[in-house]
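Enquirer: Before anything else, here's the structure in question.
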Amino acid sequence: MTQLKGRRAPGAHSRGALLFAFAVMADPVSSVAYAIEAALRALHGDLALLLPTMALVVAIVVLVIVNYSQLVARYPQGGGAAAATGEAFGEGTAFVPIGALIVDFVLTIAISSAAGASAVIAFFPALAPWRVIIAVVLVVGVAGGTWFGHLGRTVFAVMTVGFIALAVVVLISAFFADAAPATGPAPDPGHSPLVAVALAFPVAMALATGIEAPSSAIAQLGQLDDPGRRRFGRVTLWLTLGVVGTITLGLTAQAVRLGIGVPHQDTTQIAELARAATTTPVFAAFQLTTALLLLSAASSSFQAGPGLFKALARRRHADGTSTGILPGWLGRTNHHHTPYWGVVVFMAAAALVTAAAGGRDQELVLFYAASVFVSFLAGLLAMARFSWRERRITFLVINFAGALAVGFTLAVNLTRGDPIVSIAAALLIAAALYWLWVRSGRPRGIRNIAADAEE
């Protein structure tokens with residue numbers, strides 16, 4: 001059997017654990033910019049239910065992170081859900097989380113660019129008529145920046161730290177701001193409080209989308225041994241939870257206290273909170289940092305997605321043999337080791353999705369955080385199977401609880417209708433990749449593709 005394995009390219013292996021941690025946190029931290037508002041819109045503007053809804057979101061994130069901490073310990077060389085699924089259920093099943101991740105990368109680029117446009121428009125409302133153009137230009141601009149490869153890892157970390165610092169400033173300032181007086185009747189969420197929260201929380205599960213990243217990105221820490229990668233992977237997961245959970249619940253509580261409800265179409269809830277809590281210079285800095293962080297999250301997916309295509313691309317070796325299942329041109333790179341044709345493919349897909357949504361992040365969030373939960377579910381079921389085989393009952397209970405929570409989130413998502421599109425796209429991509437894999441003679445190594453893509 002042939003081996004399907006990518007060529008190791010030099011990356012940001014020596015930039016330190018802290019840089020690594022904050023860089024891979026760009027995606028979940030940036031999602032705070034639109035997740036809270038998405039939940040409030042799903043609640044039909046009922047601020048009284050917003051904090052319980054976001055608390056439920058954070059609780060599920062905790063459960064998934066507990067399970068992924070176990071997954072990182074099992075696969076210290078990277079691989080994430082694909083590695084676990086392929087080992088537990090057969091190599092071909094790894095295409096399910098791989099397909100889900102491809103859709104997630106496209107949606108991350110699209111929603112991050114659209115949210116970046118929203119952050120700009122919230123400060124410059126006169127730009128609102130050009131929303132779609134701005135969002136698409138951001139997609140293209142970030143794709144162009146990806147040409148320089150892993151140099152962007154430092155930018156991701158800096159933007160993440162900058163946003164966290166300014167978010168803390170907003171939170172502290174909000175304690176000294178006066179709450180707006182309530183006007184009119186309280187919004188009606190359309191259901192009993194329990195049902196309303198259960199139906200609303202899945203749209204805010206974008207907070208969980210970055211959990212997969214550390215489990216694959218630890219493959220970049222080539223200077224460390226397996227125990228070192230385990231340690232840094234787990235530290236990153238728990239640091240992500242601490243930062244994202246604190247900022248999310250803090251901003252949510254202050255939005256509720258100050259009465260920051262569903263904003264008008266040319267601004268965002270988080271922007272209105274910052275506007276109400278801080279001075280104009282701080283508000284401007286917060287909006288700028290928010291936009292740059294969102295673009296950093298898009299850039300991260302522009303690296304991960306094409307990297308995945310590169311790892312799957314056909315290549316010929318010195319002994320005359322060839323491996324891979326995708327067209328070879330998807331593996332071509334520039335001198336920065338960027339697979340530029342893969343970047344073009346993701347740029348085109350994300351630009352189309354962004355334009356179709358009218359450049360509005362709150363339209364895209366309805367389709368977001370669904371496909372990645374397919375990947376979570378596959379990974380957690382795989383870990384449950386390992387725990388059962390090894391008679392590790394405590395881990396089995398944790399895995400089963402996590403799988404139930406993720407499965408429930410997916411089920412509620414499906415009742416809303418919109419996420420069916422992204423889940424169907426993920427499964428169709430998985431099926432197409434599986435067919436190509438079979439045609440190529442079922443080359444081994446598929447379950448390691450997510451780790452190979454990071455090398």
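Quick note on naming: the chains in the structure tokens go A, B, ... in the order shown, residues restart at 1 in each chain, and ligands are numbered from 1 in order of appearance.
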Contacts of A:Trp388 at 12 Å or less, counting only C-alpha atoms, minus same-chain residues fewer than 5 places along, as a PyMOL selection string?
Expert: chain A and resi 88+381-383+393-400
Enquirer: Can you tell me which residues surround A:Ile247 at a distance of at most 9 Å, considering only C-alpha atoms, apart from same-chain residues fewer than 2 positions away, and format the answer as a CSV table (one decimal) with N, CA, C and O atoms, in the first residue's frame?
Expert:
chain,number,residue,atom,x,y,z
A,29,VAL,N,-11.9,33.5,19.4
A,29,VAL,CA,-12.0,34.8,20.1
A,29,VAL,C,-12.7,35.8,19.1
A,29,VAL,O,-13.6,36.6,19.5
A,32,VAL,N,-16.7,36.0,19.1
A,32,VAL,CA,-17.4,36.7,20.1
A,32,VAL,C,-18.0,37.9,19.4
A,32,VAL,O,-19.1,38.4,19.8
A,164,ILE,N,-8.4,41.2,23.0
A,164,ILE,CA,-8.6,40.8,24.4
A,164,ILE,C,-8.4,42.0,25.3
A,164,ILE,O,-9.2,42.3,26.2
A,167,ALA,N,-11.2,44.5,24.8
A,167,ALA,CA,-12.4,43.9,25.3
A,167,ALA,C,-12.5,44.1,26.8
A,167,ALA,O,-13.5,44.4,27.4
A,168,VAL,N,-11.3,43.9,27.5
A,168,VAL,CA,-11.3,44.1,28.9
A,168,VAL,C,-11.5,45.6,29.3
A,168,VAL,O,-12.2,45.9,30.2
A,171,LEU,N,-15.2,46.1,29.0
A,171,LEU,CA,-15.9,45.5,30.2
A,171,LEU,C,-15.8,46.4,31.4
A,171,LEU,O,-16.8,46.6,32.1
A,242,GLY,N,-10.8,29.8,28.9
A,242,GLY,CA,-10.7,30.9,29.9
A,242,GLY,C,-11.0,32.3,29.3
A,242,GLY,O,-11.8,33.1,29.8
A,243,VAL,N,-10.3,32.5,28.2
A,243,VAL,CA,-10.4,33.8,27.5
A,243,VAL,C,-11.8,34.0,26.9
A,243,VAL,O,-12.5,35.0,27.1
A,244,VAL,N,-12.2,33.1,26.0
A,244,VAL,CA,-13.4,33.2,25.3
A,244,VAL,C,-14.6,33.2,26.2
A,244,VAL,O,-15.6,34.0,26.1
A,245,GLY,N,-14.6,32.3,27.2
A,245,GLY,CA,-15.7,32.2,28.2
A,245,GLY,C,-15.9,33.4,29.0
A,245,GLY,O,-17.0,34.0,29.1
A,249,LEU,N,-19.2,35.9,28.4
A,249,LEU,CA,-20.1,36.1,29.5
A,249,LEU,C,-20.1,37.5,30.0
A,249,LEU,O,-21.1,38.1,30.4
A,250,GLY,N,-18.9,38.1,30.1
A,250,GLY,CA,-18.7,39.5,30.5
A,250,GLY,C,-19.4,40.5,29.6
A,250,GLY,O,-20.2,41.3,30.1
A,251,LEU,N,-19.2,40.4,28.3
A,251,LEU,CA,-19.8,41.3,27.4
A,251,LEU,C,-21.3,41.0,27.3
A,251,LEU,O,-22.1,42.0,27.2
A,252,THR,N,-21.8,39.8,27.5
A,252,THR,CA,-23.2,39.5,27.5
A,252,THR,C,-23.8,40.1,28.7
A,252,THR,O,-24.9,40.8,28.6
Enquirer: Find, counting only C-alpha atoms, the residue in A:Leu40, A:Ala81, A:Ala274, A:Leu326 that gets nearest to A:Pro97.
Expert: A:Ala81
Enquirer: For A:Leu410, find every residue with an atom within 12 Å (counting only C-alpha atoms), except residues of its own chain fewer than 5 positions away, and show them as a short mmCIF file (atom, residue, chain, number, x, y, z; two decimals) with N, CA and C atoms, in the first residue's frame.
Expert:
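File produced: around.cif:
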data_model
loop_
_atom_site.label_atom_id
_atom_site.label_comp_id
_atom_site.auth_asym_id
_atom_site.auth_seq_id
_atom_site.Cartn_x
_atom_site.Cartn_y
_atom_site.Cartn_z
N ALA A 198 -33.24 26.82 24.24
CA ALA A 198 -32.82 25.59 23.54
C ALA A 198 -32.77 25.81 22.03
N LEU A 199 -33.68 26.61 21.51
CA LEU A 199 -33.71 26.86 20.07
C LEU A 199 -32.68 27.91 19.64
N PHE A 201 -29.57 28.73 21.28
CA PHE A 201 -28.14 28.58 21.57
C PHE A 201 -27.31 28.05 20.40
N PRO A 202 -27.87 27.18 19.50
CA PRO A 202 -27.00 26.67 18.43
C PRO A 202 -26.44 27.74 17.51
N VAL A 203 -27.17 28.86 17.31
CA VAL A 203 -26.65 29.87 16.39
C VAL A 203 -25.44 30.59 16.98
N MET A 205 -23.08 28.92 18.65
CA MET A 205 -22.03 27.92 18.86
C MET A 205 -20.80 28.16 18.00
N PHE A 367 -25.82 29.57 9.02
CA PHE A 367 -25.30 28.35 8.39
C PHE A 367 -24.01 27.88 9.07
N TYR A 368 -23.50 28.70 9.96
CA TYR A 368 -22.18 28.46 10.54
C TYR A 368 -22.26 27.53 11.74
N ALA A 369 -21.13 27.01 12.15
CA ALA A 369 -21.02 26.16 13.35
C ALA A 369 -21.92 24.95 13.29
N ALA A 370 -22.26 24.49 12.09
CA ALA A 370 -23.02 23.26 11.94
C ALA A 370 -22.12 22.15 11.40
N SER A 371 -21.41 22.45 10.31
CA SER A 371 -20.55 21.42 9.73
C SER A 371 -19.44 21.01 10.69
N VAL A 372 -18.88 21.99 11.43
CA VAL A 372 -17.79 21.64 12.34
C VAL A 372 -18.29 20.75 13.48
N PHE A 373 -19.59 20.83 13.79
CA PHE A 373 -20.13 19.95 14.82
C PHE A 373 -20.25 18.51 14.30
N VAL A 374 -20.32 18.34 12.99
CA VAL A 374 -20.23 16.99 12.42
C VAL A 374 -18.85 16.42 12.72
N SER A 375 -17.82 17.26 12.58
CA SER A 375 -16.46 16.83 12.90
C SER A 375 -16.32 16.51 14.38
N PHE A 376 -16.88 17.39 15.24
CA PHE A 376 -16.85 17.13 16.68
C PHE A 376 -17.50 15.79 17.01
N LEU A 377 -18.67 15.56 16.43
CA LEU A 377 -19.42 14.34 16.74
C LEU A 377 -18.63 13.10 16.33
N ALA A 403 -20.66 13.65 23.25
CA ALA A 403 -21.33 13.28 22.01
C ALA A 403 -22.82 13.61 22.07
N LEU A 404 -23.45 13.41 23.23
CA LEU A 404 -24.86 13.74 23.38
C LEU A 404 -25.08 15.25 23.22
N ALA A 405 -24.23 16.06 23.85
CA ALA A 405 -24.37 17.51 23.76
C ALA A 405 -24.18 17.99 22.33
N THR A 415 -33.46 21.59 12.94
CA THR A 415 -34.85 22.05 12.99
C THR A 415 -35.00 23.45 12.43
N ARG A 416 -33.90 24.22 12.40
CA ARG A 416 -33.97 25.57 11.85
C ARG A 416 -33.88 25.58 10.33
N GLY A 417 -33.47 24.48 9.74
CA GLY A 417 -33.47 24.38 8.28
C GLY A 417 -32.20 24.84 7.61
N ASP A 418 -31.75 26.06 7.89
CA ASP A 418 -30.59 26.63 7.19
C ASP A 418 -29.33 25.78 7.30
N PRO A 419 -28.98 25.27 8.49
CA PRO A 419 -27.73 24.50 8.60
C PRO A 419 -27.70 23.22 7.77
N ILE A 420 -28.87 22.77 7.30
CA ILE A 420 -28.89 21.57 6.46
C ILE A 420 -27.98 21.76 5.25
N SER A 422 -25.13 23.56 4.95
CA SER A 422 -23.70 23.39 5.23
C SER A 422 -23.37 21.95 5.61
N ILE A 423 -24.28 21.27 6.33
CA ILE A 423 -24.03 19.87 6.67
C ILE A 423 -24.07 19.00 5.41
#
Enquirer: Taking into account only C-alpha atoms, which residue in the set A:Val161, A:Ala411, A:Leu330, A:Ala110 is nearest to A:Val142?
Expert: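 Counting only C-alpha atoms, the residue closest to A:Val142 is A:Ala110.
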Enquirer: Find, counting only C-alpha atoms, the residue in A:Lys310, A:Ser31, A:Arg360, A:Ala208 that gets nearest to A:Leu63.
Expert: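 Nearest candidate to A:Leu63 out of A:Lys310, A:Ser31, A:Arg360, A:Ala208: A:Ala208.
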Enquirer: Determine, counting only C-alpha atoms, which protein, DNA and RNA residues have an atom within 9 Å of an atom of A:Ala298; residues of the same chain fewer than 4 positions away are not included. Present the result as a list in words.
Expert: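 The filter keeps Asp27, Phe105, Val106, Thr108, Ile109, Ala110, Ile111, Ser112, Ser113, Val139, Val142, Ala143, Leu293, Leu294, Phe302 and Gln303 of chain A.
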Enquirer: Please dump the current selection as a tab-separated table (two decimals), in the first residue's frame; keep all heavy atoms.
Expert:
chain	number	residue	atom	x	y	z
A	27	ASP	N	-9.62	32.39	15.84
A	27	ASP	CA	-10.95	32.02	15.36
A	27	ASP	C	-12.01	32.09	16.47
A	27	ASP	O	-13.00	32.82	16.35
A	27	ASP	CB	-10.90	30.63	14.71
A	27	ASP	CG	-12.19	30.28	13.99
A	27	ASP	OD1	-13.15	31.06	14.04
A	27	ASP	OD2	-12.24	29.21	13.35
A	105	PHE	N	-13.90	25.95	6.91
A	105	PHE	CA	-12.89	26.93	6.50
A	105	PHE	C	-13.51	27.99	5.57
A	105	PHE	O	-13.25	29.18	5.72
A	105	PHE	CB	-11.72	26.24	5.79
A	105	PHE	CG	-10.90	25.36	6.69
A	105	PHE	CD1	-10.30	24.21	6.18
A	105	PHE	CD2	-10.72	25.65	8.02
A	105	PHE	CE1	-9.54	23.39	7.00
A	105	PHE	CE2	-9.96	24.84	8.85
A	105	PHE	CZ	-9.37	23.71	8.34
A	106	VAL	N	-14.31	27.54	4.59
A	106	VAL	CA	-14.95	28.48	3.66
A	106	VAL	C	-15.87	29.44	4.42
A	106	VAL	O	-15.84	30.66	4.21
A	106	VAL	CB	-15.75	27.72	2.58
A	106	VAL	CG1	-16.58	28.70	1.74
A	106	VAL	CG2	-14.81	26.93	1.67
A	108	THR	N	-15.78	30.21	7.61
A	108	THR	CA	-15.00	31.07	8.50
A	108	THR	C	-14.46	32.28	7.75
A	108	THR	O	-14.52	33.42	8.23
A	108	THR	CB	-13.84	30.30	9.15
A	108	THR	OG1	-14.37	29.28	9.99
A	108	THR	CG2	-12.97	31.22	9.99
A	109	ILE	N	-13.94	32.04	6.55
A	109	ILE	CA	-13.44	33.14	5.72
A	109	ILE	C	-14.57	34.11	5.38
A	109	ILE	O	-14.43	35.33	5.52
A	109	ILE	CB	-12.80	32.61	4.43
A	109	ILE	CG1	-11.55	31.78	4.75
A	109	ILE	CG2	-12.43	33.75	3.49
A	109	ILE	CD1	-11.05	30.95	3.58
A	110	ALA	N	-15.71	33.55	4.97
A	110	ALA	CA	-16.85	34.38	4.56
A	110	ALA	C	-17.40	35.19	5.73
A	110	ALA	O	-17.59	36.41	5.62
A	110	ALA	CB	-17.94	33.50	3.95
A	111	ILE	N	-17.68	34.53	6.85
A	111	ILE	CA	-18.30	35.23	7.97
A	111	ILE	C	-17.33	36.20	8.63
A	111	ILE	O	-17.73	37.29	9.08
A	111	ILE	CB	-18.86	34.22	8.99
A	111	ILE	CG1	-19.87	34.92	9.91
A	111	ILE	CG2	-17.77	33.57	9.82
A	111	ILE	CD1	-20.64	33.96	10.80
A	112	SER	N	-16.05	35.87	8.66
A	112	SER	CA	-15.07	36.78	9.25
A	112	SER	C	-14.93	38.04	8.39
A	112	SER	O	-14.84	39.16	8.92
A	112	SER	CB	-13.71	36.09	9.39
A	112	SER	OG	-13.78	35.00	10.29
A	113	SER	N	-14.93	37.87	7.09
A	113	SER	CA	-14.84	39.03	6.19
A	113	SER	C	-16.09	39.88	6.27
A	113	SER	O	-16.03	41.12	6.29
A	113	SER	CB	-14.59	38.56	4.75
A	113	SER	OG	-13.38	37.82	4.66
A	139	VAL	N	-12.25	39.57	1.53
A	139	VAL	CA	-11.94	38.17	1.21
A	139	VAL	C	-10.72	38.10	0.29
A	139	VAL	O	-9.77	37.36	0.54
A	139	VAL	CB	-13.14	37.47	0.54
A	139	VAL	CG1	-12.73	36.09	0.01
A	139	VAL	CG2	-14.30	37.31	1.52
A	142	VAL	N	-7.43	39.37	2.08
A	142	VAL	CA	-6.84	38.40	3.00
A	142	VAL	C	-6.21	37.25	2.21
A	142	VAL	O	-5.14	36.75	2.58
A	142	VAL	CB	-7.91	37.86	3.98
A	142	VAL	CG1	-7.32	36.76	4.86
A	142	VAL	CG2	-8.43	38.99	4.86
A	143	ALA	N	-6.86	36.84	1.12
A	143	ALA	CA	-6.28	35.79	0.27
A	143	ALA	C	-4.92	36.24	-0.25
A	143	ALA	O	-3.95	35.45	-0.27
A	143	ALA	CB	-7.22	35.47	-0.89
A	293	LEU	N	-8.83	41.44	13.86
A	293	LEU	CA	-8.88	40.09	14.42
A	293	LEU	C	-9.72	39.18	13.54
A	293	LEU	O	-9.36	38.02	13.29
A	293	LEU	CB	-9.45	40.13	15.84
A	293	LEU	CG	-9.70	38.76	16.48
A	293	LEU	CD1	-8.40	38.01	16.68
A	293	LEU	CD2	-10.43	38.92	17.81
A	294	LEU	N	-10.85	39.69	13.07
A	294	LEU	CA	-11.71	38.90	12.19
A	294	LEU	C	-10.97	38.51	10.91
A	294	LEU	O	-11.09	37.37	10.43
A	294	LEU	CB	-12.98	39.68	11.86
A	294	LEU	CG	-13.98	39.80	13.03
A	294	LEU	CD1	-14.94	40.97	12.80
A	294	LEU	CD2	-14.77	38.50	13.19
A	302	PHE	N	-7.48	30.51	5.52
A	302	PHE	CA	-6.84	30.54	4.20
A	302	PHE	C	-5.53	29.76	4.21
A	302	PHE	O	-5.03	29.38	3.15
A	302	PHE	CB	-6.57	31.99	3.77
A	302	PHE	CG	-7.60	32.54	2.83
A	302	PHE	CD1	-8.24	33.74	3.09
A	302	PHE	CD2	-7.93	31.88	1.66
A	302	PHE	CE1	-9.17	34.26	2.22
A	302	PHE	CE2	-8.87	32.39	0.78
A	302	PHE	CZ	-9.50	33.59	1.07
A	303	GLN	N	-4.93	29.56	5.36
A	303	GLN	CA	-3.75	28.72	5.45
A	303	GLN	C	-4.11	27.26	5.64
A	303	GLN	O	-3.54	26.38	5.00
A	303	GLN	CB	-2.87	29.20	6.61
A	303	GLN	CG	-2.21	30.54	6.37
A	303	GLN	CD	-1.22	30.92	7.45
A	303	GLN	OE1	-0.98	30.16	8.38
A	303	GLN	NE2	-0.63	32.10	7.35
Enquirer: As an NGL selection string, please: every residue in stretch 361-439 of chain A that a backbone DSSP assignment puts in alpha helix (DSSP H).
Expert: :A and (361-364 or 371-389 or 393-415 or 419-439)
Enquirer: Using only C-alpha atoms, which protein or nucleic acid residues come within 9 Å of A:Gly80? Drop anything in the same chain fewer than 5 positions from it, and give the result as a ChimeraX atom specification.
Expert: /A:68,71-72,75,85,212-217,379,448,450-451
Enquirer: Need to verify the contact set: A:Leu127, 10 Å, only C-alpha atoms, exclusion of same-chain residues closer than 4 positions in sequence. Can you return it as a ChimeraX atom specification?
Expert: /A:117-118,120-123,131,134,266
Enquirer: Run DSSP on the backbone and grab whatever in stretch 127-325 of chain A lands in strand (DSSP E); send it over as number ranges by chain.
Expert: A: 315-316, 322-323
Enquirer: Could you state the separation of atom CA of A:Glu87 and atom CA of A:Arg316 in Å, given to one decimal place?
Expert: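 So the two atoms, atom CA of A:Glu87 and atom CA of A:Arg316, lie 26.4 Å apart.
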Enquirer: Which of these residues is nearest to A:Leu366, using only C-alpha atoms: A:Arg332, A:Thr338, A:Leu107, A:Ser440?
Expert: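 Under the stated criterion, the closest residue is A:Leu107.
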Enquirer: Which is closest to A:Arg442 among A:Ile325, A:Val170, A:Leu50, A:Ile60, if we use only C-alpha atoms?
Expert: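 Ranked by minimum distance to A:Arg442, first place goes to A:Ile325.
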Enquirer: Skip A:Pro52 itself and residues of its chain fewer than 4 positions away, then list as a CSV table (one decimal) with N, CA and C atoms, in the first residue's frame all residues within 12 Å of it, counting only C-alpha atoms.
Expert:
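Below you can see selection_9.csv, which holds the result:
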chain,number,residue,atom,x,y,z
A,36,ILE,N,-22.8,36.6,20.1
A,36,ILE,CA,-23.8,37.1,21.1
A,36,ILE,C,-25.0,37.7,20.4
A,39,ALA,N,-27.3,35.1,19.0
A,39,ALA,CA,-28.2,34.5,20.0
A,39,ALA,C,-29.3,35.4,20.3
A,40,LEU,N,-29.0,36.7,20.4
A,40,LEU,CA,-30.1,37.7,20.8
A,40,LEU,C,-31.1,37.8,19.6
A,43,LEU,N,-33.4,34.9,19.8
A,43,LEU,CA,-34.3,35.1,21.0
A,43,LEU,C,-35.3,36.2,20.7
A,46,ASP,N,-35.0,39.3,23.2
A,46,ASP,CA,-35.3,39.1,24.6
A,46,ASP,C,-34.0,39.1,25.4
A,47,LEU,N,-33.6,40.3,25.9
A,47,LEU,CA,-32.3,40.4,26.7
A,47,LEU,C,-32.3,39.5,28.0
A,48,ALA,N,-33.5,39.3,28.5
A,48,ALA,CA,-33.6,38.6,29.8
A,48,ALA,C,-33.1,37.1,29.6
A,56,LEU,N,-25.2,28.6,28.5
A,56,LEU,CA,-25.4,27.2,27.9
A,56,LEU,C,-24.4,26.9,26.8
A,57,VAL,N,-24.1,28.0,26.0
A,57,VAL,CA,-23.1,27.8,24.9
A,57,VAL,C,-21.8,27.6,25.5
A,58,VAL,N,-21.4,28.3,26.5
A,58,VAL,CA,-20.1,28.2,27.2
A,58,VAL,C,-20.0,26.8,27.8
A,59,ALA,N,-21.1,26.3,28.4
A,59,ALA,CA,-21.1,25.0,29.1
A,59,ALA,C,-20.8,23.9,28.1
A,193,PRO,N,-39.5,30.2,28.1
A,193,PRO,CA,-38.1,30.5,28.2
A,193,PRO,C,-37.1,29.3,28.0
A,194,LEU,N,-37.5,28.1,28.5
A,194,LEU,CA,-36.6,27.0,28.3
A,194,LEU,C,-36.5,26.6,26.8
A,195,VAL,N,-37.6,26.6,26.1
A,195,VAL,CA,-37.6,26.2,24.7
A,195,VAL,C,-36.9,27.3,23.9
A,196,ALA,N,-37.1,28.6,24.2
A,196,ALA,CA,-36.5,29.7,23.5
A,196,ALA,C,-35.0,29.6,23.6
A,197,VAL,N,-34.5,29.3,24.8
A,197,VAL,CA,-33.0,29.1,25.0
A,197,VAL,C,-32.5,27.9,24.2
A,198,ALA,N,-33.2,26.8,24.2
A,198,ALA,CA,-32.8,25.6,23.5
A,198,ALA,C,-32.8,25.8,22.0
A,200,ALA,N,-32.3,28.8,20.6
A,200,ALA,CA,-31.4,29.9,20.2
A,200,ALA,C,-30.0,29.6,20.3
A,201,PHE,N,-29.6,28.7,21.3
A,201,PHE,CA,-28.1,28.6,21.6
A,201,PHE,C,-27.3,28.0,20.4
A,248,THR,N,-17.0,36.4,26.6
A,248,THR,CA,-18.3,36.2,26.2
A,248,THR,C,-19.3,36.5,27.3
A,249,LEU,N,-19.2,35.9,28.4
A,249,LEU,CA,-20.1,36.1,29.5
A,249,LEU,C,-20.1,37.5,30.0
A,252,THR,N,-21.8,39.8,27.5
A,252,THR,CA,-23.2,39.5,27.5
A,252,THR,C,-23.8,40.1,28.7
A,253,ALA,N,-23.2,40.0,29.9
A,253,ALA,CA,-23.8,40.5,31.1
A,253,ALA,C,-23.9,42.1,31.0
A,256,VAL,N,-26.7,43.1,28.6
A,256,VAL,CA,-28.0,43.0,29.3
A,256,VAL,C,-28.2,44.1,30.3
Enquirer: Which residue is closest to A:Ile211? Choose from A:Gly233, A:Gly358, A:Gly162, A:Gly324 and count only C-alpha atoms.
Expert: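 So, comparing all the options, the nearest one is A:Gly233.
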Enquirer: Just give me the gap between atom CA of A:Ala73 and atom CA of A:Ile218 in Å, one decimal is fine.
Expert: 11.1 Å
